[in-house]
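J.: Can you read through this structure? Questions will come right after.
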Amino acid sequence: MSFRRDVISKLIFSWARRVLPSMSDTEREALEAGDVWWDADLFTGNPDWSKLLDTPPATLTAEEQAFLDGPVDELCAMLDEWKINWELRDLPPEVWDFIKQKKFFGMIIPTEHGGLGFSPYAHSEVVRKISSRSLVAAVTVMVPNSLGPGELLMRFGTRDQQNKWLPRLADGRDVPCFGLTSPEAGSDAAAMTDTGIICKGMFEGREVLGLRLNWHKRYITLGPVATLLGLAFKAFDPDHLIGTQEDLGISVALIPTDLPGVSIGRRHLPAMQVFQNGPNWGKDVFIPLDYVIGGKERLGQGWKMLMTALAAGRGISLPSLSAAGAAFAARTAGAYARIREQFGIPIGKFEGVEEPLARIAATAYLIDAARRLTCAALNEGHHPAVISGIMKLHATERLRTVIDDAMDIHGGKAVIDGPQNYLGNLYRGVPVSITVEGANILTRNLIIFGQGAIRAHPYLLHEMNALGDTDKARGLDTFDKTFWDHIVHSFRTLFRAWGRSWSGGAFAPAPDDAGAVTGFYRQLSRYSAAFALCADMALLTLGGKLKRKEMLSARFGDILSELYLLSAVLKRWHEEGRQQADLALVEWCMATGFRTIEQRFADILANLPNRVVAIMLKFMIQPLGAQARGPSDKVIHACAQLVLEPSVARDRLTQGLSNVDDDSGPARLEKAFLLVTAAEDVFKRMRGARLRDADAAVRQRVITQAEAEQHNAAQEAVARVIEVDDFAPEALSPQKEEPVSVQVVHEQTEARAAG
């Protein structure tokens with residue numbers, strides 16, 4: 001007999017089983033979906049930096065690189081976002097044909113089924129490059145390769161289903177969409193009213209066992225043009241045709257859109273983005289059971305399947321789009337701030353402009369660093385659900401900040417719409433990415449820490465499973481071991497966090513050869529320990545109530561997110577050869593992230609309900625309050641300068657974007673930027689001589705004739721960039737009034753006078 005297990009642990013076990021909050025099926029399935037990775041290391045409070053640095057970087061195969069350099073560049077050259085959005089209201093027919101012909105819809109589908117079989121990183125790079133040219137085309141390409149029938153079939157479909165449908169999806173014979181959101185159920189999938197009733201019915205001339213479906217879905221991307229609908233619904237078996245259970249739970253099935261009873265609605269217009277999106281309905285639509293993805297055995301497993309597959313959309317597609325937008329903003333805002341002058345100097349030289357420029361450049365560095373790290377994990381076969389949530393939330397939120405900054409720097413140039421406005425459509429499209437695939441408010445307040453605290457914690461999920469074990473004796477055995485291991489871990493974490501905080505992280509772990517960023521590793525180790533301690537104390541004192549303390553949960557989630565994102569920044573700097581020119585970007589990211597982390601700790605300690613515990617934690621990890629001040633003016637200046645001049649560092653920051661050489665706004669801007677910076681010495685000598693006219697400068701021998709031509713070419717290029725579009729009045733009036741004759745006006749005047 002074990003005294004600890006049979007007396008102490010048994011009492012705690014019995015108490016914990018009584019107070020353990022109930023967990024819904026959807027919550028449990030969400031927790032069981034995917035896996036954990038670096039987030040679990042951060043939750044230990046003592047991350048193993050060698051594990052991070054030894055993770056192979058995400059790379060492309062020769063075939064994947066050839067696709068980027070060939071079909072992707074060809075596609076980008078075919079795209080004119082102004083015409084797509086304001087004239088055609090759709091991708092041109094030839095673009096649709098090209099996308100299907102080159103198998104853009106089948107990037108993730110294995111070659112054995114006719115797809116391209118690309119890695120997650122290749123998928124990300126393709127979406128990133130297309131996004132820098134056209135949001136409409138990027139969304140069109142990314143949706144079939146993220147949450148949709150293809151991903152679900154590959155992971156959960158039967159062999160027959162894969163052989164039948166994947167080749168058709170790969171070559172574009174079928175255009176897929178996925179119906180999840182209902183008017184009654186957005187984030188709350190349990191509120192879904194779409195149903196499938198197990199019954200017998202006629203299908204293709206014979207009676208089979210199947211499902212009679214009724215649904216109403218909306219916000220379905222590619223829905224208006226889809227030929228194959230992946231559908232989420234609640235399955236029921238009232239007549240017990242397949243078993244004793246009546247409520248089978250959320251399930252997913254394939255619905256050819258030409259089946260009787262399927263109705264495709266009219267198009268939505270999401271924030272003036274014209275990618276195909278709209279509602280659809282089904283009334284008494286009958287399908288055989290083998291149209292359920294995975295077959296009859298997968299009935300009721302739909303939510304777990306969806307949560308597992310969702311990692312692709314949240315971890316790849318939307319972060320890729322955000323990374324493209326941030327890098328595009330860095331390249332264009334820096335170039336525009338360099339060529340646009342006010343008071344005789346480039347606006348990028350003003351400190352007030354340097355600050356948002358630095359924020360744009362460093363944020364672009366951070367988002368792409370996190371994108372690459374996440375893709376590296378996915379390439380290794382991980383499906384990190386918590387990290388995918390972090391990526392979706394922070395990539396899209398930070399894109400919003402970046403685009404706001406870029407708009408402010410451009411001023412009226414970005415406000416006046418037209419073919420030459422290269423920021424307006426991106427600005428309008430940001431709210432779409434923030435809303436889809438899990439609203440950011442919900443993700444921040446409930447998902448990241450709420451899911452991460454259980455899933456990534458080294459002991460908590462094991463304890464919960466032991467408490468919920470139907471075999472009480474087995475559960476007690478597991479709980480006894482796990483609980484006391486947890487206690488030992490908590491004491492280690494307490495002393496670790498205390499020591500690292502009071503020493504300022506001076507002795508916290510860091511890689512042996514970290515060089516200039518050693519201190520940053522030490523600070524992250526310090527904050528990780530403090531986070532693990534505070535999380536344990538919050539869970540201990542609040543228990544199940546913590547998930548209802550959404551503001552506390554959000555702050556914990558912010559700290560975990562910063563730890564992951566800053567880890568990615570250090571990983572990128574290491575992988576790219578520790579480029580000294582990029583160190584200012586790393587310093588900006590670290591200083592800004594540390595400020596956020598310390599402020600969130602201060603907010604948590606000020607609002608933790610158990611004040612005794614809060615005071616104890618404050619004494620241990622933050623006795624002097626939040627101390628991090630953010631980036632210095634010197635760092636801000638260095639980050640801004642990086643995008644104000646042509647350099648290898650600027651190219652490295654913005655690599656992988658589309659660079660079609662045409663007369664578009666970005667192409668004009670880049671040409672002007674290169675001409676202006678090349679002529680810097682000419683402009684400087686003319687300013688020194690107080691001359692603005694190049695011919696006069698030649699006559700006074702301040703510059704040569706060749707330099708005058710260089711000056712004039714630069715000035716002409718700048719003028720073409722600064723100009724904005726205008727339109728004839730009738731071009732902006734959808735209906736023109738017919739001219740009214742003088743006689744009609746006279747008769748109307750007489751009638752009013754008489755009346």
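Each chain in the structure tokens gets a letter, A, B, ..., in the order shown, and its residues are numbered from 1; ligands are numbered from 1 in order too.
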Please provide the set of residues having any atom within 10 Å of His394 of chain A, restricted to only C-alpha atoms, with same-chain residues fewer than 6 positions apart removed, written as a VMD selection string.
T.: chain A and resid 319 322 367 370 400 434 440 443 to 444 558 561 to 562 565
J.: Filtering to all heavy atoms, could you give me those residues as an mmCIF file, in the first residue's frame?
T.:
```cif
data_model
loop_
_atom_site.group_PDB
_atom_site.id
_atom_site.type_symbol
_atom_site.label_atom_id
_atom_site.label_comp_id
_atom_site.auth_asym_id
_atom_site.auth_seq_id
_atom_site.Cartn_x
_atom_site.Cartn_y
_atom_site.Cartn_z
ATOM 1 N N PRO A 319 -1.176 33.580 -42.446
ATOM 2 C CA PRO A 319 0.134 34.170 -42.150
ATOM 3 C C PRO A 319 0.957 34.484 -43.402
ATOM 4 O O PRO A 319 1.707 35.461 -43.418
ATOM 5 C CB PRO A 319 0.813 33.089 -41.301
ATOM 6 C CG PRO A 319 -0.323 32.378 -40.642
ATOM 7 C CD PRO A 319 -1.400 32.338 -41.689
ATOM 8 N N SER A 322 -0.398 37.673 -44.750
ATOM 9 C CA SER A 322 0.022 38.769 -43.873
ATOM 10 C C SER A 322 1.505 39.085 -44.055
ATOM 11 O O SER A 322 1.899 40.260 -44.054
ATOM 12 C CB SER A 322 -0.257 38.405 -42.413
ATOM 13 O OG SER A 322 -1.636 38.215 -42.189
ATOM 14 N N ILE A 367 6.954 38.849 -38.685
ATOM 15 C CA ILE A 367 5.900 37.989 -39.235
ATOM 16 C C ILE A 367 6.498 36.911 -40.127
ATOM 17 O O ILE A 367 6.111 35.738 -40.062
ATOM 18 C CB ILE A 367 4.856 38.811 -40.011
ATOM 19 C CG1 ILE A 367 4.093 39.751 -39.069
ATOM 20 C CG2 ILE A 367 3.860 37.891 -40.718
ATOM 21 C CD1 ILE A 367 3.114 40.670 -39.791
ATOM 22 N N ALA A 370 8.252 34.200 -38.083
ATOM 23 C CA ALA A 370 7.301 33.270 -37.472
ATOM 24 C C ALA A 370 6.671 32.366 -38.523
ATOM 25 O O ALA A 370 6.416 31.182 -38.270
ATOM 26 C CB ALA A 370 6.229 34.045 -36.722
ATOM 27 N N ARG A 400 -2.573 44.639 -39.841
ATOM 28 C CA ARG A 400 -3.444 45.812 -39.745
ATOM 29 C C ARG A 400 -2.635 47.035 -39.308
ATOM 30 O O ARG A 400 -2.772 48.121 -39.891
ATOM 31 C CB ARG A 400 -4.577 45.543 -38.756
ATOM 32 C CG ARG A 400 -5.375 46.782 -38.421
ATOM 33 C CD ARG A 400 -6.786 46.521 -37.992
ATOM 34 N NE ARG A 400 -6.943 45.591 -36.896
ATOM 35 C CZ ARG A 400 -8.140 45.150 -36.473
ATOM 36 N NH1 ARG A 400 -9.248 45.585 -37.060
ATOM 37 N NH2 ARG A 400 -8.243 44.297 -35.480
ATOM 38 N N ILE A 434 -8.790 39.169 -40.653
ATOM 39 C CA ILE A 434 -8.933 39.194 -39.192
ATOM 40 C C ILE A 434 -10.175 38.432 -38.749
ATOM 41 O O ILE A 434 -10.223 37.853 -37.660
ATOM 42 C CB ILE A 434 -8.948 40.655 -38.706
ATOM 43 C CG1 ILE A 434 -7.521 41.206 -38.727
ATOM 44 C CG2 ILE A 434 -9.584 40.795 -37.321
ATOM 45 C CD1 ILE A 434 -7.403 42.669 -38.470
ATOM 46 N N ASN A 440 -10.538 37.069 -34.422
ATOM 47 C CA ASN A 440 -9.360 37.334 -33.600
ATOM 48 C C ASN A 440 -9.688 37.599 -32.133
ATOM 49 O O ASN A 440 -8.917 37.251 -31.246
ATOM 50 C CB ASN A 440 -8.571 38.511 -34.179
ATOM 51 C CG ASN A 440 -7.711 38.093 -35.349
ATOM 52 O OD1 ASN A 440 -7.750 36.947 -35.788
ATOM 53 N ND2 ASN A 440 -6.931 39.014 -35.873
ATOM 54 N N THR A 443 -10.097 34.234 -30.608
ATOM 55 C CA THR A 443 -8.810 33.527 -30.577
ATOM 56 C C THR A 443 -7.935 34.048 -29.444
ATOM 57 O O THR A 443 -7.308 33.279 -28.715
ATOM 58 C CB THR A 443 -8.084 33.685 -31.924
ATOM 59 O OG1 THR A 443 -8.925 33.192 -32.974
ATOM 60 C CG2 THR A 443 -6.774 32.919 -31.936
ATOM 61 N N ARG A 444 -7.895 35.366 -29.292
ATOM 62 C CA ARG A 444 -7.043 35.951 -28.244
ATOM 63 C C ARG A 444 -7.587 35.669 -26.855
ATOM 64 O O ARG A 444 -6.830 35.330 -25.939
ATOM 65 C CB ARG A 444 -6.926 37.467 -28.449
ATOM 66 C CG ARG A 444 -6.134 38.169 -27.353
ATOM 67 C CD ARG A 444 -5.904 39.632 -27.623
ATOM 68 N NE ARG A 444 -5.110 40.221 -26.552
ATOM 69 C CZ ARG A 444 -5.607 40.937 -25.549
ATOM 70 N NH1 ARG A 444 -6.914 41.177 -25.492
ATOM 71 N NH2 ARG A 444 -4.825 41.427 -24.616
ATOM 72 N N ASP A 558 -1.194 36.569 -24.688
ATOM 73 C CA ASP A 558 -0.277 37.540 -25.293
ATOM 74 C C ASP A 558 1.172 37.223 -24.933
ATOM 75 O O ASP A 558 2.075 37.337 -25.769
ATOM 76 C CB ASP A 558 -0.617 38.952 -24.821
ATOM 77 C CG ASP A 558 -1.906 39.485 -25.424
ATOM 78 O OD1 ASP A 558 -2.400 38.884 -26.396
ATOM 79 O OD2 ASP A 558 -2.422 40.502 -24.916
ATOM 80 N N SER A 561 2.273 34.161 -26.842
ATOM 81 C CA SER A 561 2.452 34.537 -28.252
ATOM 82 C C SER A 561 3.772 35.265 -28.457
ATOM 83 O O SER A 561 4.521 34.980 -29.403
ATOM 84 C CB SER A 561 1.292 35.417 -28.713
ATOM 85 O OG SER A 561 0.060 34.731 -28.623
ATOM 86 N N GLU A 562 4.066 36.232 -27.579
ATOM 87 C CA GLU A 562 5.323 36.975 -27.713
ATOM 88 C C GLU A 562 6.520 36.042 -27.566
ATOM 89 O O GLU A 562 7.513 36.170 -28.298
ATOM 90 C CB GLU A 562 5.395 38.086 -26.669
ATOM 91 C CG GLU A 562 4.416 39.231 -26.885
ATOM 92 C CD GLU A 562 4.721 40.076 -28.107
ATOM 93 O OE1 GLU A 562 5.853 39.993 -28.640
ATOM 94 O OE2 GLU A 562 3.826 40.820 -28.537
ATOM 95 N N LEU A 565 6.814 34.254 -30.939
ATOM 96 C CA LEU A 565 7.206 35.127 -32.038
ATOM 97 C C LEU A 565 8.648 35.594 -31.887
ATOM 98 O O LEU A 565 9.401 35.651 -32.872
ATOM 99 C CB LEU A 565 6.257 36.332 -32.101
ATOM 100 C CG LEU A 565 4.790 36.014 -32.399
ATOM 101 C CD1 LEU A 565 3.922 37.249 -32.210
ATOM 102 C CD2 LEU A 565 4.609 35.447 -33.797
#
```
J.: Identify all residues of segment 162-263 of chain A in strand (DSSP E or B) (DSSP on the backbone) and supply them as a PyMOL selection string.
T.: chain A and resi 176-179+195-203+206-221+228-236+247-256+262-263
J.: Could you work out how far atom CA of Lys103 of chain A lies from atom CA of Pro176 of chain A, giving the answer in Å with one decimal?
T.: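 So the answer is 13.2 Å.
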J.: Would you list, as a VMD selection string, the residues of segment 367-438 of chain A that end up in helix (DSSP H, G or I) under DSSP run on this structure's backbone?
T.: chain A and resid 367 to 379 385 to 410 412 to 415 424 to 435
J.: In Å to one decimal, how far is atom CA of Ser124 of chain A from atom CA of Leu318 of chain A?
T.: 9.1 Å
J.: Considering only C-alpha atoms, return as a list of chain:residue names whatever protein or nucleic-acid residues lie within 12 Å of Leu52 of chain A, sequence-local ones (same chain, fewer than 5 positions apart) excluded.
T.: A:Trp37, A:Trp38, A:Asp39, A:Ala40, A:Asp41, A:Leu42, A:Pro47, A:Pro57, A:Leu373, A:Thr374, A:Ala376, A:Ala377, A:Ala510, A:Pro511, A:Tyr521, A:Tyr564, A:Leu566, A:Ser567, A:Ala568, A:Val569, A:Leu570, A:Lys571, A:Arg572, A:His574, A:Glu575
J.: Point out the residue among A:Ser658, A:Lys481, A:Arg685, A:Val415 with the least atom-to-atom distance to Ser2 of chain A, counting only C-alpha atoms.
T.: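 Between A:Ser658, A:Lys481, A:Arg685, A:Val415, the residue approaching Ser2 of chain A most closely is A:Lys481.
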J.: A:Asp661, A:Glu87, A:Glu670, A:Asp725: which is nearest Asp73 of chain A, counting only C-alpha atoms?
T.: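 Distance minimum relative to Asp73 of chain A lands on A:Asp661.
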J.: Rounded to one decimal in Å, what is the spacing between atom CA of Arg687 of chain A and atom CA of Asn712 of chain A?
T.: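 We find that atom CA of Arg687 of chain A and atom CA of Asn712 of chain A lie 14.6 Å from each other.
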J.: Using only C-alpha atoms, which protein or nucleic acid residues come within 12 Å of Leu446 of chain A? Drop anything in the same chain fewer than 6 positions from it, and give the result as a ChimeraX atom specification.
T.: /A:27,187,386,389-390,393,438-440,452-453,546-558
J.: Mind dumping the selected residues with N, CA, C and O atoms as a compact mmCIF listing (two decimals), in the first residue's frame?
T.:
```txt
# COMPACT_ATOMS: atom_id res chain seq x y z
N GLU A 27 -15.13 21.08 -27.05
CA GLU A 27 -13.92 21.51 -26.35
C GLU A 27 -12.91 20.37 -26.29
O GLU A 27 -11.71 20.56 -26.53
N SER A 187 -18.52 31.09 -34.39
CA SER A 187 -17.48 30.48 -33.55
C SER A 187 -18.04 29.33 -32.71
O SER A 187 -17.31 28.42 -32.32
N VAL A 386 -2.07 25.21 -31.17
CA VAL A 386 -1.93 26.47 -30.42
C VAL A 386 -1.09 27.45 -31.21
O VAL A 386 -1.44 28.64 -31.33
N GLY A 389 -3.03 29.05 -33.94
CA GLY A 389 -3.86 30.13 -33.43
C GLY A 389 -3.06 31.40 -33.21
O GLY A 389 -3.52 32.51 -33.53
N ILE A 390 -1.86 31.26 -32.65
CA ILE A 390 -0.98 32.42 -32.45
C ILE A 390 -0.68 33.08 -33.79
O ILE A 390 -0.74 34.32 -33.93
N LEU A 393 -3.82 34.92 -35.38
CA LEU A 393 -4.15 36.14 -34.65
C LEU A 393 -3.11 37.23 -34.87
O LEU A 393 -3.44 38.34 -35.31
N GLY A 438 -11.86 31.89 -37.58
CA GLY A 438 -11.77 32.16 -36.15
C GLY A 438 -11.55 33.63 -35.89
O GLY A 438 -10.47 34.16 -36.17
N ALA A 439 -12.57 34.33 -35.41
CA ALA A 439 -12.45 35.76 -35.15
C ALA A 439 -11.31 36.02 -34.17
O ALA A 439 -11.13 35.30 -33.19
N ASN A 440 -10.54 37.07 -34.42
CA ASN A 440 -9.36 37.33 -33.60
C ASN A 440 -9.69 37.60 -32.13
O ASN A 440 -8.92 37.25 -31.25
N GLY A 452 -3.94 26.33 -24.90
CA GLY A 452 -2.53 26.08 -24.63
C GLY A 452 -2.26 25.68 -23.21
O GLY A 452 -1.38 24.85 -22.93
N ALA A 453 -3.01 26.27 -22.25
CA ALA A 453 -2.78 25.96 -20.84
C ALA A 453 -3.01 24.49 -20.55
O ALA A 453 -2.38 23.92 -19.66
N LEU A 546 -11.04 30.06 -14.60
CA LEU A 546 -10.09 30.82 -15.40
C LEU A 546 -10.56 31.00 -16.83
O LEU A 546 -10.33 32.05 -17.44
N LYS A 547 -11.25 29.99 -17.38
CA LYS A 547 -11.68 30.11 -18.78
C LYS A 547 -12.75 31.18 -18.95
O LYS A 547 -13.00 31.63 -20.07
N ARG A 548 -13.40 31.57 -17.83
CA ARG A 548 -14.38 32.66 -17.90
C ARG A 548 -13.75 34.02 -17.61
O ARG A 548 -14.40 35.04 -17.80
N LYS A 549 -12.52 34.01 -17.14
CA LYS A 549 -11.78 35.25 -16.94
C LYS A 549 -11.04 35.58 -18.24
O LYS A 549 -9.83 35.42 -18.36
N GLU A 550 -11.80 36.05 -19.21
CA GLU A 550 -11.26 36.18 -20.57
C GLU A 550 -10.15 37.21 -20.66
O GLU A 550 -9.21 37.06 -21.45
N MET A 551 -10.23 38.29 -19.88
CA MET A 551 -9.17 39.30 -19.96
C MET A 551 -7.86 38.77 -19.39
O MET A 551 -6.78 39.05 -19.93
N LEU A 552 -7.95 37.99 -18.31
CA LEU A 552 -6.74 37.35 -17.79
C LEU A 552 -6.19 36.35 -18.80
O LEU A 552 -4.98 36.30 -19.06
N SER A 553 -7.08 35.53 -19.35
CA SER A 553 -6.66 34.54 -20.33
C SER A 553 -6.00 35.20 -21.53
O SER A 553 -4.98 34.71 -22.05
N ALA A 554 -6.55 36.33 -21.98
CA ALA A 554 -5.98 37.04 -23.13
C ALA A 554 -4.57 37.52 -22.83
O ALA A 554 -3.68 37.45 -23.68
N ARG A 555 -4.34 38.01 -21.61
CA ARG A 555 -3.01 38.51 -21.25
C ARG A 555 -1.99 37.37 -21.19
O ARG A 555 -0.86 37.52 -21.65
N PHE A 556 -2.40 36.24 -20.62
CA PHE A 556 -1.52 35.08 -20.64
C PHE A 556 -1.23 34.67 -22.09
O PHE A 556 -0.10 34.31 -22.44
N GLY A 557 -2.27 34.69 -22.92
CA GLY A 557 -2.09 34.35 -24.32
C GLY A 557 -1.14 35.28 -25.03
O GLY A 557 -0.34 34.86 -25.89
N ASP A 558 -1.19 36.57 -24.69
CA ASP A 558 -0.28 37.54 -25.29
C ASP A 558 1.17 37.22 -24.93
O ASP A 558 2.08 37.34 -25.77
```
J.: For Glu151 of chain A, which residue among A:Pro623, A:Gly475, A:Gly593, A:Gly117 is the nearest when counting only C-alpha atoms?
T.: A:Gly117
J.: Using only C-alpha atoms, can you tell me which of A:Ala508, A:Phe203, A:Thr195, A:His240 comes closest to Asn46 of chain A?
T.: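 Using only C-alpha atoms, Asn46 of chain A sits closest to A:Ala508.
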J.: Excluding segment 289-297 of chain A and any residue of its chain fewer than 2 positions from it, enumerate the residues within 9 Å of it, using only C-alpha atoms, and give them as a PDB file with N, CA and C atoms, in the first residue's frame.
T.:
```
ATOM      1  N   PRO A 149     -12.290  20.254 -48.718  1.00  0.00           N
ATOM      2  CA  PRO A 149     -12.381  18.817 -48.989  1.00  0.00           C
ATOM      3  C   PRO A 149     -11.040  18.140 -49.234  1.00  0.00           C
ATOM      4  N   LEU A 152      -9.152  17.461 -45.938  1.00  0.00           N
ATOM      5  CA  LEU A 152      -9.884  16.473 -45.148  1.00  0.00           C
ATOM      6  C   LEU A 152      -9.820  15.088 -45.784  1.00  0.00           C
ATOM      7  N   LEU A 153      -9.935  15.028 -47.114  1.00  0.00           N
ATOM      8  CA  LEU A 153      -9.843  13.740 -47.796  1.00  0.00           C
ATOM      9  C   LEU A 153      -8.469  13.106 -47.613  1.00  0.00           C
ATOM     10  N   ARG A 155      -6.392  13.473 -45.169  1.00  0.00           N
ATOM     11  CA  ARG A 155      -6.116  13.066 -43.790  1.00  0.00           C
ATOM     12  C   ARG A 155      -7.091  12.009 -43.282  1.00  0.00           C
ATOM     13  N   PHE A 156      -8.349  12.075 -43.748  1.00  0.00           N
ATOM     14  CA  PHE A 156      -9.375  11.224 -43.149  1.00  0.00           C
ATOM     15  C   PHE A 156     -10.196  10.413 -44.149  1.00  0.00           C
ATOM     16  N   GLY A 157     -10.054  10.688 -45.440  1.00  0.00           N
ATOM     17  CA  GLY A 157     -10.878  10.013 -46.426  1.00  0.00           C
ATOM     18  C   GLY A 157     -10.519   8.544 -46.594  1.00  0.00           C
ATOM     19  N   THR A 158     -11.483   7.764 -47.073  1.00  0.00           N
ATOM     20  CA  THR A 158     -11.209   6.364 -47.400  1.00  0.00           C
ATOM     21  C   THR A 158     -10.385   6.313 -48.678  1.00  0.00           C
ATOM     22  N   ARG A 159      -9.796   5.173 -48.943  1.00  0.00           N
ATOM     23  CA  ARG A 159      -9.004   5.027 -50.161  1.00  0.00           C
ATOM     24  C   ARG A 159      -9.861   5.259 -51.396  1.00  0.00           C
ATOM     25  N   GLN A 161     -12.552   7.113 -51.637  1.00  0.00           N
ATOM     26  CA  GLN A 161     -12.848   8.542 -51.730  1.00  0.00           C
ATOM     27  C   GLN A 161     -11.648   9.313 -52.275  1.00  0.00           C
ATOM     28  N   ILE A 198     -30.054  10.018 -40.660  1.00  0.00           N
ATOM     29  CA  ILE A 198     -29.806   8.703 -41.248  1.00  0.00           C
ATOM     30  C   ILE A 198     -31.141   8.099 -41.696  1.00  0.00           C
ATOM     31  N   VAL A 208     -30.419   3.034 -51.034  1.00  0.00           N
ATOM     32  CA  VAL A 208     -29.231   2.868 -50.204  1.00  0.00           C
ATOM     33  C   VAL A 208     -29.465   3.549 -48.854  1.00  0.00           C
ATOM     34  N   LEU A 209     -28.618   3.192 -47.911  1.00  0.00           N
ATOM     35  CA  LEU A 209     -28.638   3.853 -46.610  1.00  0.00           C
ATOM     36  C   LEU A 209     -27.812   5.124 -46.714  1.00  0.00           C
ATOM     37  N   GLY A 210     -28.381   6.227 -46.261  1.00  0.00           N
ATOM     38  CA  GLY A 210     -27.669   7.489 -46.400  1.00  0.00           C
ATOM     39  C   GLY A 210     -28.144   8.536 -45.417  1.00  0.00           C
ATOM     40  N   LEU A 211     -27.997   9.788 -45.802  1.00  0.00           N
ATOM     41  CA  LEU A 211     -28.341  10.930 -44.967  1.00  0.00           C
ATOM     42  C   LEU A 211     -29.229  11.882 -45.758  1.00  0.00           C
ATOM     43  N   GLY A 230     -17.774  20.659 -49.314  1.00  0.00           N
ATOM     44  CA  GLY A 230     -17.562  19.963 -48.055  1.00  0.00           C
ATOM     45  C   GLY A 230     -18.509  20.576 -47.041  1.00  0.00           C
ATOM     46  N   ILE A 242     -28.047   2.556 -37.761  1.00  0.00           N
ATOM     47  CA  ILE A 242     -26.642   2.142 -37.774  1.00  0.00           C
ATOM     48  C   ILE A 242     -26.121   1.869 -36.370  1.00  0.00           C
ATOM     49  N   SER A 251     -20.498  16.098 -38.118  1.00  0.00           N
ATOM     50  CA  SER A 251     -19.899  15.234 -39.142  1.00  0.00           C
ATOM     51  C   SER A 251     -19.623  16.075 -40.379  1.00  0.00           C
ATOM     52  N   VAL A 252     -18.827  15.533 -41.291  1.00  0.00           N
ATOM     53  CA  VAL A 252     -18.534  16.237 -42.540  1.00  0.00           C
ATOM     54  C   VAL A 252     -18.724  15.279 -43.714  1.00  0.00           C
ATOM     55  N   ALA A 253     -19.259  15.826 -44.800  1.00  0.00           N
ATOM     56  CA  ALA A 253     -19.533  15.001 -45.978  1.00  0.00           C
ATOM     57  C   ALA A 253     -19.253  15.786 -47.245  1.00  0.00           C
ATOM     58  N   LEU A 254     -19.155  15.067 -48.352  1.00  0.00           N
ATOM     59  CA  LEU A 254     -18.962  15.666 -49.671  1.00  0.00           C
ATOM     60  C   LEU A 254     -20.305  15.774 -50.383  1.00  0.00           C
ATOM     61  N   ILE A 255     -20.590  16.966 -50.901  1.00  0.00           N
ATOM     62  CA  ILE A 255     -21.868  17.197 -51.574  1.00  0.00           C
ATOM     63  C   ILE A 255     -21.606  17.752 -52.971  1.00  0.00           C
ATOM     64  N   ILE A 287     -27.769  11.882 -49.680  1.00  0.00           N
ATOM     65  CA  ILE A 287     -26.470  11.344 -50.092  1.00  0.00           C
ATOM     66  C   ILE A 287     -26.283   9.968 -49.459  1.00  0.00           C
ATOM     67  N   LEU A 299     -18.568   9.186 -38.787  1.00  0.00           N
ATOM     68  CA  LEU A 299     -19.728   9.964 -38.356  1.00  0.00           C
ATOM     69  C   LEU A 299     -19.515  10.425 -36.915  1.00  0.00           C
ATOM     70  N   GLY A 300     -19.746  11.710 -36.670  1.00  0.00           N
ATOM     71  CA  GLY A 300     -19.589  12.253 -35.329  1.00  0.00           C
ATOM     72  C   GLY A 300     -18.192  12.716 -34.992  1.00  0.00           C
ATOM     73  N   GLN A 301     -17.233  12.509 -35.894  1.00  0.00           N
ATOM     74  CA  GLN A 301     -15.859  12.935 -35.638  1.00  0.00           C
ATOM     75  C   GLN A 301     -15.503  14.220 -36.378  1.00  0.00           C
ATOM     76  N   GLY A 302     -16.523  14.888 -36.909  1.00  0.00           N
ATOM     77  CA  GLY A 302     -16.278  16.028 -37.775  1.00  0.00           C
ATOM     78  C   GLY A 302     -15.541  17.175 -37.120  1.00  0.00           C
TER      79      GLY A 302
END
```
